[in-house]
>>> print(open('model-v5.csv').read())   # CSV, C-alpha atoms and all ligand atoms
chain,number,residue,atom,x,y,z
A,1231,MET,CA,-6.2,140.1,-62.7
A,1232,THR,CA,-9.5,138.5,-63.5
A,1233,ALA,CA,-12.2,141.1,-63.8
A,1234,LYS,CA,-15.3,141.1,-61.8
A,1235,VAL,CA,-18.2,140.7,-64.2
A,1236,ILE,CA,-20.9,143.5,-63.6
A,1237,SER,CA,-24.2,141.8,-64.3
A,1238,GLY,CA,-26.6,144.2,-66.0
A,1239,LYS,CA,-29.2,141.5,-65.7
A,1240,GLU,CA,-28.9,141.4,-61.9
A,1241,ILE,CA,-28.8,145.2,-61.5
A,1242,ALA,CA,-31.7,145.5,-63.9
A,1243,HIS,CA,-33.7,142.9,-61.9
A,1244,GLN,CA,-33.1,144.9,-58.7
A,1245,ILE,CA,-34.3,148.1,-60.2
A,1246,ARG,CA,-37.3,146.4,-61.8
A,1247,GLU,CA,-38.3,145.0,-58.4
A,1248,GLU,CA,-38.2,148.6,-57.0
A,1249,LEU,CA,-40.3,149.7,-60.0
A,1250,LYS,CA,-42.7,146.9,-59.5
A,1251,ALA,CA,-43.4,147.9,-55.9
A,1252,GLU,CA,-43.8,151.5,-57.0
A,1253,VAL,CA,-46.3,150.6,-59.8
A,1254,ALA,CA,-48.2,148.5,-57.2
A,1255,GLN,CA,-48.5,151.6,-55.0
A,1256,LEU,CA,-49.6,153.7,-58.0
A,1257,SER,CA,-52.3,151.2,-58.9
A,1258,LYS,CA,-53.9,151.8,-55.5
A,1259,LYS,CA,-54.4,155.4,-56.6
A,1260,GLY,CA,-55.9,154.1,-59.9
A,1261,ILE,CA,-52.8,155.0,-61.9
A,1262,VAL,CA,-51.4,152.6,-64.5
A,1263,PRO,CA,-48.4,153.8,-66.3
A,1264,GLY,CA,-48.7,153.3,-70.1
A,1265,LEU,CA,-46.1,152.9,-72.8
A,1266,GLY,CA,-46.9,153.3,-76.5
A,1267,VAL,CA,-44.5,151.3,-78.6
A,1268,VAL,CA,-44.1,151.8,-82.4
A,1269,LEU,CA,-42.2,149.5,-84.6
A,1270,VAL,CA,-42.1,150.2,-88.4
A,1271,GLY,CA,-40.9,147.3,-90.5
A,1272,GLU,CA,-39.6,143.8,-89.8
A,1273,ASP,CA,-35.9,144.1,-88.9
A,1274,PRO,CA,-35.3,141.0,-86.8
A,1275,ALA,CA,-33.1,142.7,-84.2
A,1276,SER,CA,-35.7,145.5,-83.7
A,1277,ILE,CA,-38.5,143.0,-83.4
A,1278,SER,CA,-36.5,141.2,-80.6
A,1279,TYR,CA,-35.8,144.5,-78.7
A,1280,VAL,CA,-39.4,145.6,-78.9
A,1281,THR,CA,-40.7,142.3,-77.8
A,1282,ALA,CA,-38.3,142.4,-74.8
A,1283,LYS,CA,-39.5,145.9,-73.9
A,1284,GLU,CA,-43.2,144.8,-74.0
A,1285,ARG,CA,-42.5,141.7,-71.9
A,1286,ALA,CA,-40.6,143.9,-69.4
A,1287,CYS,CA,-43.6,146.3,-69.2
A,1288,GLU,CA,-46.0,143.4,-68.5
A,1289,ASP,CA,-43.7,142.0,-65.9
A,1290,ILE,CA,-43.8,145.2,-63.8
A,1291,GLY,CA,-47.4,146.2,-64.4
A,1292,ILE,CA,-47.0,148.9,-67.1
A,1293,PHE,CA,-49.7,148.9,-69.8
A,1294,SER,CA,-48.1,148.6,-73.3
A,1295,ASP,CA,-49.8,149.7,-76.4
A,1296,ASP,CA,-48.1,147.7,-79.2
A,1297,ASN,CA,-48.1,149.1,-82.7
A,1298,ARG,CA,-46.4,147.1,-85.4
A,1299,LEU,CA,-46.6,148.8,-88.7
A,1300,PRO,CA,-45.6,147.6,-92.2
A,1301,ALA,CA,-42.3,148.8,-93.7
A,1302,ASP,CA,-44.1,150.9,-96.3
A,1303,THR,CA,-46.0,153.0,-93.7
A,1304,SER,CA,-45.8,156.6,-94.8
A,1305,GLU,CA,-44.3,159.4,-92.7
A,1306,GLU,CA,-47.7,161.0,-92.5
A,1307,GLU,CA,-49.3,157.8,-91.1
A,1308,LEU,CA,-46.6,157.5,-88.5
A,1309,LEU,CA,-46.9,161.2,-87.5
A,1310,ALA,CA,-50.7,160.7,-87.2
A,1311,LEU,CA,-50.1,157.8,-84.8
A,1312,VAL,CA,-47.7,159.8,-82.7
A,1313,ASP,CA,-50.2,162.6,-82.5
A,1314,LYS,CA,-52.9,160.2,-81.4
A,1315,MET,CA,-50.6,158.9,-78.6
A,1316,ASN,CA,-49.6,162.4,-77.6
A,1317,LYS,CA,-53.3,163.1,-76.9
A,1318,ASP,CA,-54.1,159.7,-75.3
A,1319,THR,CA,-54.1,160.2,-71.5
A,1320,LYS,CA,-53.5,156.4,-70.9
A,1321,ILE,CA,-50.1,156.7,-72.5
A,1322,ASN,CA,-47.3,158.3,-70.5
A,1323,GLY,CA,-44.4,157.3,-72.7
A,1324,ILE,CA,-43.9,156.9,-76.4
A,1325,LEU,CA,-41.2,154.8,-77.9
A,1326,VAL,CA,-40.6,154.9,-81.7
A,1327,GLN,CA,-38.1,152.1,-82.3
A,1328,LEU,CA,-35.1,153.3,-84.4
A,1329,PRO,CA,-33.8,153.0,-87.0
A,1330,LEU,CA,-36.9,154.0,-89.1
A,1331,PRO,CA,-37.1,153.0,-92.9
A,1332,ASP,CA,-35.1,155.4,-95.2
A,1333,HIS,CA,-38.3,157.1,-96.6
A,1334,ILE,CA,-39.2,158.4,-93.1
A,1335,ASP,CA,-37.5,161.5,-91.7
A,1336,GLU,CA,-36.4,160.3,-88.3
A,1337,ALA,CA,-35.7,163.8,-86.9
A,1338,ARG,CA,-39.2,165.0,-87.9
A,1339,VAL,CA,-40.8,162.0,-86.1
A,1340,LEU,CA,-38.8,162.5,-82.9
A,1341,LEU,CA,-39.7,166.2,-82.9
A,1342,ALA,CA,-43.4,165.3,-83.1
A,1343,ILE,CA,-43.3,163.3,-79.9
A,1344,ASP,CA,-44.6,165.3,-76.9
A,1345,PRO,CA,-41.5,166.1,-74.8
A,1346,ALA,CA,-43.5,165.2,-71.7
A,1347,LYS,CA,-43.9,161.6,-73.1
A,1348,ASP,CA,-40.4,161.3,-74.7
A,1349,VAL,CA,-39.2,158.5,-72.4
A,1350,ASP,CA,-36.3,157.7,-74.8
A,1351,GLY,CA,-35.0,161.2,-74.2
A,1352,PHE,CA,-34.4,161.8,-77.9
A,1353,HIS,CA,-36.5,164.9,-78.5
A,1354,PRO,CA,-34.3,168.0,-79.0
A,1355,MET,CA,-36.0,169.7,-76.1
A,1356,ASN,CA,-35.0,166.9,-73.7
A,1357,VAL,CA,-31.5,166.7,-75.3
A,1358,GLY,CA,-31.1,170.4,-74.7
A,1359,LYS,CA,-32.3,170.3,-71.1
A,1360,MET,CA,-30.0,167.4,-70.4
A,1361,VAL,CA,-27.0,169.3,-71.8
A,1362,VAL,CA,-27.6,172.3,-69.6
A,1363,GLY,CA,-28.3,170.1,-66.6
A,1364,GLU,CA,-32.1,170.8,-66.3
A,1365,LYS,CA,-34.4,168.0,-65.2
A,1366,ALA,CA,-35.3,165.9,-68.3
A,1367,PHE,CA,-35.9,162.3,-69.3
A,1368,LEU,CA,-32.4,160.8,-69.6
A,1369,PRO,CA,-31.6,158.7,-72.6
A,1370,CYS,CA,-32.0,155.0,-71.5
A,1371,THR,CA,-28.6,153.5,-72.6
A,1372,PRO,CA,-26.4,156.3,-71.2
A,1373,HIS,CA,-28.4,156.4,-68.0
A,1374,GLY,CA,-28.2,152.6,-67.7
A,1375,VAL,CA,-24.4,152.7,-68.2
A,1376,ILE,CA,-24.0,155.2,-65.4
A,1377,GLN,CA,-26.2,153.2,-63.1
A,1378,MET,CA,-24.0,150.1,-63.7
A,1379,ILE,CA,-20.8,152.0,-63.0
A,1380,LYS,CA,-22.2,153.5,-59.8
A,1381,ARG,CA,-23.8,150.3,-58.5
A,1382,ALA,CA,-20.5,148.4,-59.2
A,1383,GLY,CA,-18.9,150.9,-56.8
A,1384,VAL,CA,-16.6,152.5,-59.3
A,1385,GLU,CA,-15.8,156.1,-58.6
A,1386,LEU,CA,-16.9,158.5,-61.3
A,1387,SER,CA,-15.7,161.7,-59.8
A,1388,GLY,CA,-12.4,162.7,-61.2
A,1389,ALA,CA,-12.1,159.5,-63.3
A,1390,GLU,CA,-10.6,159.5,-66.7
A,1391,VAL,CA,-13.3,158.1,-69.0
A,1392,VAL,CA,-12.8,157.3,-72.6
A,1393,ILE,CA,-15.9,156.7,-74.8
A,1394,VAL,CA,-15.3,155.1,-78.1
A,1395,GLY,CA,-18.2,156.0,-80.4
A,1396,ARG,CA,-20.0,159.3,-81.0
A,1397,SER,CA,-23.6,158.3,-81.8
A,1398,ASN,CA,-26.6,160.5,-81.0
A,1399,ILE,CA,-28.1,157.8,-78.8
A,1400,VAL,CA,-25.0,156.7,-76.8
A,1401,GLY,CA,-21.6,158.4,-77.2
A,1402,LYS,CA,-22.7,162.0,-77.4
A,1403,PRO,CA,-25.3,162.0,-74.6
A,1404,LEU,CA,-23.1,159.8,-72.4
A,1405,ALA,CA,-20.2,162.3,-72.7
A,1406,ASN,CA,-22.6,165.1,-71.8
A,1407,LEU,CA,-23.9,163.4,-68.7
A,1408,LEU,CA,-20.4,162.3,-67.5
A,1409,ILE,CA,-19.0,165.8,-67.6
A,1410,GLN,CA,-21.9,167.3,-65.6
A,1411,LYS,CA,-21.4,168.7,-62.1
A,1412,SER,CA,-23.5,166.0,-60.5
A,1413,ASP,CA,-23.5,162.6,-58.9
A,1414,LYS,CA,-23.8,161.1,-62.4
A,1415,GLY,CA,-20.8,163.0,-63.7
A,1416,ASN,CA,-17.7,164.9,-62.5
A,1417,ALA,CA,-15.6,162.7,-64.8
A,1418,THR,CA,-12.9,163.8,-67.3
A,1419,VAL,CA,-14.2,162.6,-70.6
A,1420,THR,CA,-12.5,161.9,-74.0
A,1421,VAL,CA,-14.6,160.8,-77.0
A,1422,CYS,CA,-12.9,158.8,-79.7
A,1423,HIS,CA,-14.3,158.0,-83.1
A,1424,THR,CA,-13.4,156.9,-86.6
A,1425,ARG,CA,-11.2,159.9,-87.3
A,1426,THR,CA,-9.3,159.6,-84.0
A,1427,LYS,CA,-5.6,159.2,-84.9
A,1428,ASP,CA,-4.7,156.7,-82.1
A,1429,ILE,CA,-7.6,155.3,-80.2
A,1430,ALA,CA,-5.4,153.0,-78.1
A,1431,ALA,CA,-3.3,155.9,-76.9
A,1432,HIS,CA,-6.4,157.3,-75.3
A,1433,THR,CA,-8.0,154.1,-74.0
A,1434,ARG,CA,-4.7,153.0,-72.3
A,1435,ASN,CA,-4.9,156.0,-70.0
A,1436,ALA,CA,-8.6,155.4,-69.1
A,1437,ASP,CA,-9.9,154.4,-65.7
A,1438,ILE,CA,-13.2,153.6,-67.4
A,1439,VAL,CA,-13.5,152.6,-71.1
A,1440,ILE,CA,-16.9,152.7,-72.7
A,1441,ALA,CA,-17.2,151.0,-76.1
A,1442,ALA,CA,-20.2,152.0,-78.2
A,1443,VAL,CA,-19.1,151.3,-81.7
A,1444,GLY,CA,-21.1,148.4,-83.2
A,1445,ARG,CA,-18.1,146.3,-84.3
A,1446,PRO,CA,-16.8,143.1,-82.5
A,1447,ASN,CA,-13.3,143.1,-81.0
A,1448,THR,CA,-12.8,146.8,-81.3
A,1449,ILE,CA,-11.4,147.0,-77.8
A,1450,THR,CA,-8.6,144.5,-77.3
A,1451,ALA,CA,-6.5,143.7,-74.2
A,1452,ASP,CA,-3.5,145.8,-75.3
A,1453,MET,CA,-5.8,148.9,-75.4
A,1454,VAL,CA,-6.8,148.6,-71.7
A,1455,LYS,CA,-5.0,149.7,-68.6
A,1456,GLU,CA,-4.5,147.1,-65.8
A,1457,GLY,CA,-7.3,147.5,-63.3
A,1458,ALA,CA,-9.6,149.6,-65.6
A,1459,CYS,CA,-13.4,149.3,-65.7
A,1460,VAL,CA,-14.7,148.3,-69.2
A,1461,ILE,CA,-18.3,148.9,-70.2
A,1462,ASP,CA,-19.5,147.2,-73.4
A,1463,VAL,CA,-22.5,148.8,-75.1
A,1464,GLY,CA,-22.1,146.9,-78.4
A,1465,VAL,CA,-24.7,144.3,-79.5
A,1466,ASN,CA,-23.5,142.5,-82.6
A,1467,ARG,CA,-24.8,139.4,-84.2
A,1468,VAL,CA,-22.0,137.1,-85.4
A,1469,ALA,CA,-22.7,133.9,-87.4
A,1470,ASP,CA,-22.5,130.7,-85.3
A,1471,ALA,CA,-23.6,127.5,-86.8
A,1472,THR,CA,-23.6,125.8,-83.4
A,1473,LYS,CA,-26.5,128.0,-82.3
A,1474,LYS,CA,-30.1,127.3,-83.0
A,1475,LYS,CA,-30.7,130.7,-84.5
A,1476,GLY,CA,-27.4,130.6,-86.5
A,1477,PHE,CA,-25.9,133.5,-84.6
A,1478,ARG,CA,-24.7,134.6,-81.2
A,1479,LEU,CA,-24.5,138.1,-79.6
A,1480,VAL,CA,-21.1,139.7,-78.9
A,1481,GLY,CA,-20.2,143.2,-77.8
A,1482,ASP,CA,-17.5,145.5,-79.0
A,1483,VAL,CA,-14.9,144.2,-76.5
A,1484,ASP,CA,-12.7,141.1,-76.7
A,1485,PHE,CA,-14.3,139.9,-73.5
A,1486,GLU,CA,-12.0,136.9,-72.7
A,1487,ALA,CA,-8.7,138.7,-73.1
A,1488,VAL,CA,-9.8,142.1,-71.6
A,1489,SER,CA,-11.2,140.2,-68.5
A,1490,GLU,CA,-7.6,139.2,-67.7
A,1491,LYS,CA,-6.5,142.8,-67.4
A,1492,ALA,CA,-9.6,144.8,-66.3
A,1493,ALA,CA,-10.9,145.1,-62.7
A,1494,CYS,CA,-14.5,145.0,-63.9
A,1495,ILE,CA,-16.2,144.4,-67.2
A,1496,THR,CA,-19.8,144.1,-68.5
A,1497,PRO,CA,-20.8,141.0,-70.5
A,1498,VAL,CA,-22.9,140.8,-73.7
A,1499,PRO,CA,-25.6,139.6,-73.5
A,1500,GLY,CA,-26.7,140.3,-70.0
A,1501,GLY,CA,-24.9,143.7,-69.6
A,1502,VAL,CA,-26.0,147.1,-70.8
A,1503,GLY,CA,-28.9,145.7,-72.9
A,1504,PRO,CA,-31.2,144.8,-69.9
A,1505,MET,CA,-30.3,148.1,-68.3
A,1506,THR,CA,-31.4,150.1,-71.3
A,1507,ILE,CA,-34.9,148.5,-71.1
A,1508,THR,CA,-35.0,149.0,-67.4
A,1509,MET,CA,-34.3,152.8,-67.6
A,1510,LEU,CA,-37.1,153.0,-70.2
A,1511,LEU,CA,-39.5,151.5,-67.6
A,1512,TYR,CA,-38.1,153.9,-65.1
A,1513,ASN,CA,-38.8,156.9,-67.3
A,1514,THR,CA,-42.3,155.7,-68.0
A,1515,VAL,CA,-43.1,155.4,-64.3
A,1516,GLU,CA,-41.6,158.9,-63.7
A,1517,SER,CA,-43.7,160.2,-66.6
A,1518,ALA,CA,-46.9,158.7,-65.1
A,1519,LYS,CA,-46.1,160.3,-61.7
A,1520,MET,CA,-45.6,163.7,-63.4
A,1521,ALA,CA,-48.8,163.4,-65.4
A,1522,ASN,CA,-50.7,162.7,-62.1
A,1523,GLY,CA,-49.1,165.5,-60.1
A,1524,ILE,CA,-47.2,163.1,-57.8
A,1525,ILE,CA,-43.8,164.6,-58.6
B,1,LIG,N1,-36.2,154.4,-79.9
B,1,LIG,C1,-35.2,153.5,-79.6
B,1,LIG,N2,-34.9,153.4,-78.3
B,1,LIG,C2,-33.9,152.4,-77.9
B,1,LIG,O1,-33.6,152.3,-76.8
B,1,LIG,C3,-33.3,151.7,-79.0
B,1,LIG,C4,-33.7,151.9,-80.3
B,1,LIG,N3,-34.7,152.8,-80.6
B,1,LIG,N4,-33.2,151.2,-81.3
B,1,LIG,C5,-32.2,150.1,-81.1
B,1,LIG,C6,-31.4,150.3,-79.8
B,1,LIG,C7,-30.8,149.0,-79.2
B,1,LIG,N5,-31.5,148.8,-78.0
B,1,LIG,C8,-31.4,147.6,-77.2
B,1,LIG,C9,-32.2,147.3,-76.1
B,1,LIG,C10,-32.1,146.1,-75.4
B,1,LIG,C11,-31.1,145.2,-75.7
B,1,LIG,C12,-31.0,144.0,-74.9
B,1,LIG,O2,-31.8,143.7,-74.0
B,1,LIG,N6,-30.2,143.0,-75.3
B,1,LIG,C13,-30.1,141.7,-74.6
B,1,LIG,C14,-30.1,140.6,-75.6
B,1,LIG,C15,-31.3,140.7,-76.5
B,1,LIG,C16,-31.3,139.6,-77.6
B,1,LIG,O3,-31.2,138.4,-77.2
B,1,LIG,O4,-31.4,140.0,-78.8
B,1,LIG,C17,-28.7,141.7,-73.8
B,1,LIG,O5,-27.8,142.4,-74.2
B,1,LIG,O6,-28.6,140.9,-72.9
B,1,LIG,C18,-30.2,145.5,-76.7
B,1,LIG,C19,-30.3,146.7,-77.4
B,1,LIG,C20,-32.4,149.8,-77.7
B,1,LIG,N7,-32.4,150.7,-78.7
>>> encode(input="model-v5.csv", output="structure tokens", more="lines below")
Ligand SMILES: Nc1nc(=O)c2c([nH]1)NC[C@@H]1CN(c3ccc(C(=O)N[C@@H](CCC(=O)O)C(=O)O)cc3)C=[N+]21
Amino acid sequence: MTAKVISGKEIAHQIREELKAEVAQLSKKGIVPGLGVVLVGEDPASISYVTAKERACEDIGIFSDDNRLPADTSEEELLALVDKMNKDTKINGILVQLPLPDHIDEARVLLAIDPAKDVDGFHPMNVGKMVVGEKAFLPCTPHGVIQMIKRAGVELSGAEVVIVGRSNIVGKPLANLLIQKSDKGNATVTVCHTRTKDIAAHTRNADIVIAAVGRPNTITADMVKEGACVIDVGVNRVADATKKKGFRLVGDVDFEAVSEKAACITPVPGGVGPMTITMLLYNTVESAKMANGII
């Protein structure tokens, strides 16, 4: 079998067109959704993600307030900026790019963001609401992954899903969403991690494999059932002297070999990454509608 490639780029484009139309309608009512973006330090990957987020905002008509702070910014300074954005009515969403430098307490910063502006869905209030199935901002990467699975026409209800990776931003929230009694869930979920005895024994039974590890070639063809759907959340830079930048991006999945066995697969780049950004835009528009009493 040669897998159908699920293009995150195309699905993201489709959703962004829908959002663009919605933002145009809102602007007739004098409403412009605003996103406050905070980047501390100069990590090259973080700079590239944040730049992509700001471009995406501009493209669909969301106002973005760009704050790039030096690596030695103090926790107090960062908290003061978050507080200012919490109070700023032009800002409907606040994104503090992670990871933060070691001298800053990440949990404290995330807790300081107004839950009503927490478009990343990282505030413990929103995490808790999500777990109990209450309305909340859904974390962008897990939500993007679910949108891709659904729009590719893959059945989630009753599916055996194996997630490899247990991070707070992908593995854990995704597992929670996928077990919920809802149209984004109803799956049977297994979460594998570094202490799992035999990861392949689990993934080989999966109808859907989701890799969110951060290491190239973690999922190889022998680990995947014939006809499975494989979602690759990894974004890894590997050295490549033939590229202008000296590296290329790969996911966690051995794409070529797994494509021969899977029914569908997401590429890297052009897969989950563009969906993550799109769901951030989606949450920001939702937040603007809530702030203005439209929903
Ligand atoms: N507060 C916070 N929220 C996040 O959502 C968040 C974060 N911190 N920290 C880091 C991770 C990672 N992340 C990505 C977003 C877009 C792409 C993306 O668009 N990737 C492109 C390629 C981009 C490139 O060329 O570098 C693609 O896969 O096609 C990847 C990764 C968001 N994250």
>>> closest_residue(input="model-v5.csv", among="A:Gly1500, A:Ala1346, A:Val1515, A:His1373", to="A:Gly1291", atoms="all atoms listed in the file")
A:Val1515
>>> residues_near_ligand(input="model-v5.csv", ligand="ligand LIG 1 (chain B)", cutoff="8 Å", atoms="only C-alpha atoms and all ligand atoms", output="ChimeraX atom specification")
/A:1238-1239,1275-1276,1278-1280,1282-1283,1325-1329,1350,1352,1369-1371,1399,1465,1479,1498-1507,1510
>>> atom_distance(input="model-v5.csv", atom1="atom CA of A:Ile1241", atom2="atom CA of A:Asp1289")
15.9 Å
>>> atom_distance(input="model-v5.csv", atom1="atom CA of A:Gly1395", atom2="atom CA of A:Cys1422")
6.0 Å
>>> closest_residue(input="model-v5.csv", among="A:Pro1497, A:Gly1415, A:Gly1266, A:Gly1523", to="A:Val1235", atoms="only C-alpha atoms")
A:Pro1497
>>> decode(input="model-v5.csv", residues="stretch 1285-1315 of chain A", atoms="N, CA and C atoms", output="compact mmCIF listing (two decimals), in the first residue's frame")
# COMPACT_ATOMS: atom_id res chain seq x y z
N ARG A 1285 2.98 36.07 10.90
CA ARG A 1285 2.60 36.16 9.47
C ARG A 1285 1.20 35.63 9.26
N ALA A 1286 0.90 34.51 9.93
CA ALA A 1286 -0.44 33.91 9.78
C ALA A 1286 -1.51 34.85 10.29
N CYS A 1287 -1.23 35.54 11.40
CA CYS A 1287 -2.18 36.53 11.93
C CYS A 1287 -2.45 37.60 10.89
N GLU A 1288 -1.37 38.14 10.35
CA GLU A 1288 -1.49 39.23 9.38
C GLU A 1288 -2.32 38.77 8.18
N ASP A 1289 -2.05 37.56 7.73
CA ASP A 1289 -2.73 37.02 6.56
C ASP A 1289 -4.24 36.97 6.74
N ILE A 1290 -4.71 36.63 7.97
CA ILE A 1290 -6.17 36.52 8.10
C ILE A 1290 -6.83 37.75 8.73
N GLY A 1291 -6.01 38.74 9.09
CA GLY A 1291 -6.59 39.99 9.61
C GLY A 1291 -6.64 40.09 11.11
N ILE A 1292 -5.84 39.25 11.81
CA ILE A 1292 -5.72 39.37 13.26
C ILE A 1292 -4.57 40.33 13.56
N PHE A 1293 -4.83 41.24 14.52
CA PHE A 1293 -3.78 42.18 14.93
C PHE A 1293 -2.80 41.44 15.84
N SER A 1294 -1.49 41.53 15.57
CA SER A 1294 -0.56 40.87 16.50
C SER A 1294 0.38 41.87 17.14
N ASP A 1295 0.51 41.73 18.45
CA ASP A 1295 1.36 42.60 19.25
C ASP A 1295 2.61 41.79 19.58
N ASP A 1296 3.69 42.13 18.86
CA ASP A 1296 4.92 41.33 18.89
C ASP A 1296 5.86 41.81 20.00
N ASN A 1297 6.18 40.94 20.94
CA ASN A 1297 7.09 41.32 22.03
C ASN A 1297 8.27 40.37 22.07
N ARG A 1298 9.43 40.84 21.61
CA ARG A 1298 10.62 39.99 21.63
C ARG A 1298 11.56 40.53 22.71
N LEU A 1299 11.75 39.73 23.74
CA LEU A 1299 12.51 40.17 24.90
C LEU A 1299 13.86 39.45 24.96
N PRO A 1300 14.88 40.12 25.54
CA PRO A 1300 16.19 39.48 25.64
C PRO A 1300 16.17 38.27 26.58
N ALA A 1301 17.13 37.37 26.40
CA ALA A 1301 17.20 36.12 27.17
C ALA A 1301 17.33 36.37 28.66
N ASP A 1302 17.88 37.54 29.05
CA ASP A 1302 18.07 37.80 30.49
C ASP A 1302 16.89 38.56 31.12
N THR A 1303 15.75 38.61 30.41
CA THR A 1303 14.54 39.21 30.99
C THR A 1303 14.20 38.50 32.30
N SER A 1304 13.85 39.27 33.33
CA SER A 1304 13.53 38.63 34.61
C SER A 1304 12.09 38.12 34.61
N GLU A 1305 11.85 37.20 35.52
CA GLU A 1305 10.50 36.64 35.67
C GLU A 1305 9.51 37.76 35.99
N GLU A 1306 9.94 38.71 36.84
CA GLU A 1306 9.05 39.81 37.21
C GLU A 1306 8.69 40.67 36.00
N GLU A 1307 9.68 40.94 35.15
CA GLU A 1307 9.41 41.74 33.95
C GLU A 1307 8.42 41.02 33.04
N LEU A 1308 8.62 39.72 32.89
CA LEU A 1308 7.72 38.94 32.04
C LEU A 1308 6.30 38.93 32.62
N LEU A 1309 6.21 38.75 33.94
CA LEU A 1309 4.89 38.74 34.59
C LEU A 1309 4.20 40.10 34.44
N ALA A 1310 5.00 41.18 34.48
CA ALA A 1310 4.42 42.52 34.32
C ALA A 1310 3.85 42.69 32.91
N LEU A 1311 4.56 42.15 31.91
CA LEU A 1311 4.06 42.22 30.53
C LEU A 1311 2.76 41.42 30.38
N VAL A 1312 2.74 40.22 30.97
CA VAL A 1312 1.53 39.38 30.91
C VAL A 1312 0.36 40.13 31.55
N ASP A 1313 0.62 40.76 32.69
CA ASP A 1313 -0.42 41.49 33.39
C ASP A 1313 -0.96 42.65 32.54
N LYS A 1314 -0.04 43.33 31.86
CA LYS A 1314 -0.45 44.44 30.99
C LYS A 1314 -1.35 43.92 29.85
N MET A 1315 -0.97 42.78 29.29
CA MET A 1315 -1.78 42.20 28.20
C MET A 1315 -3.12 41.68 28.71
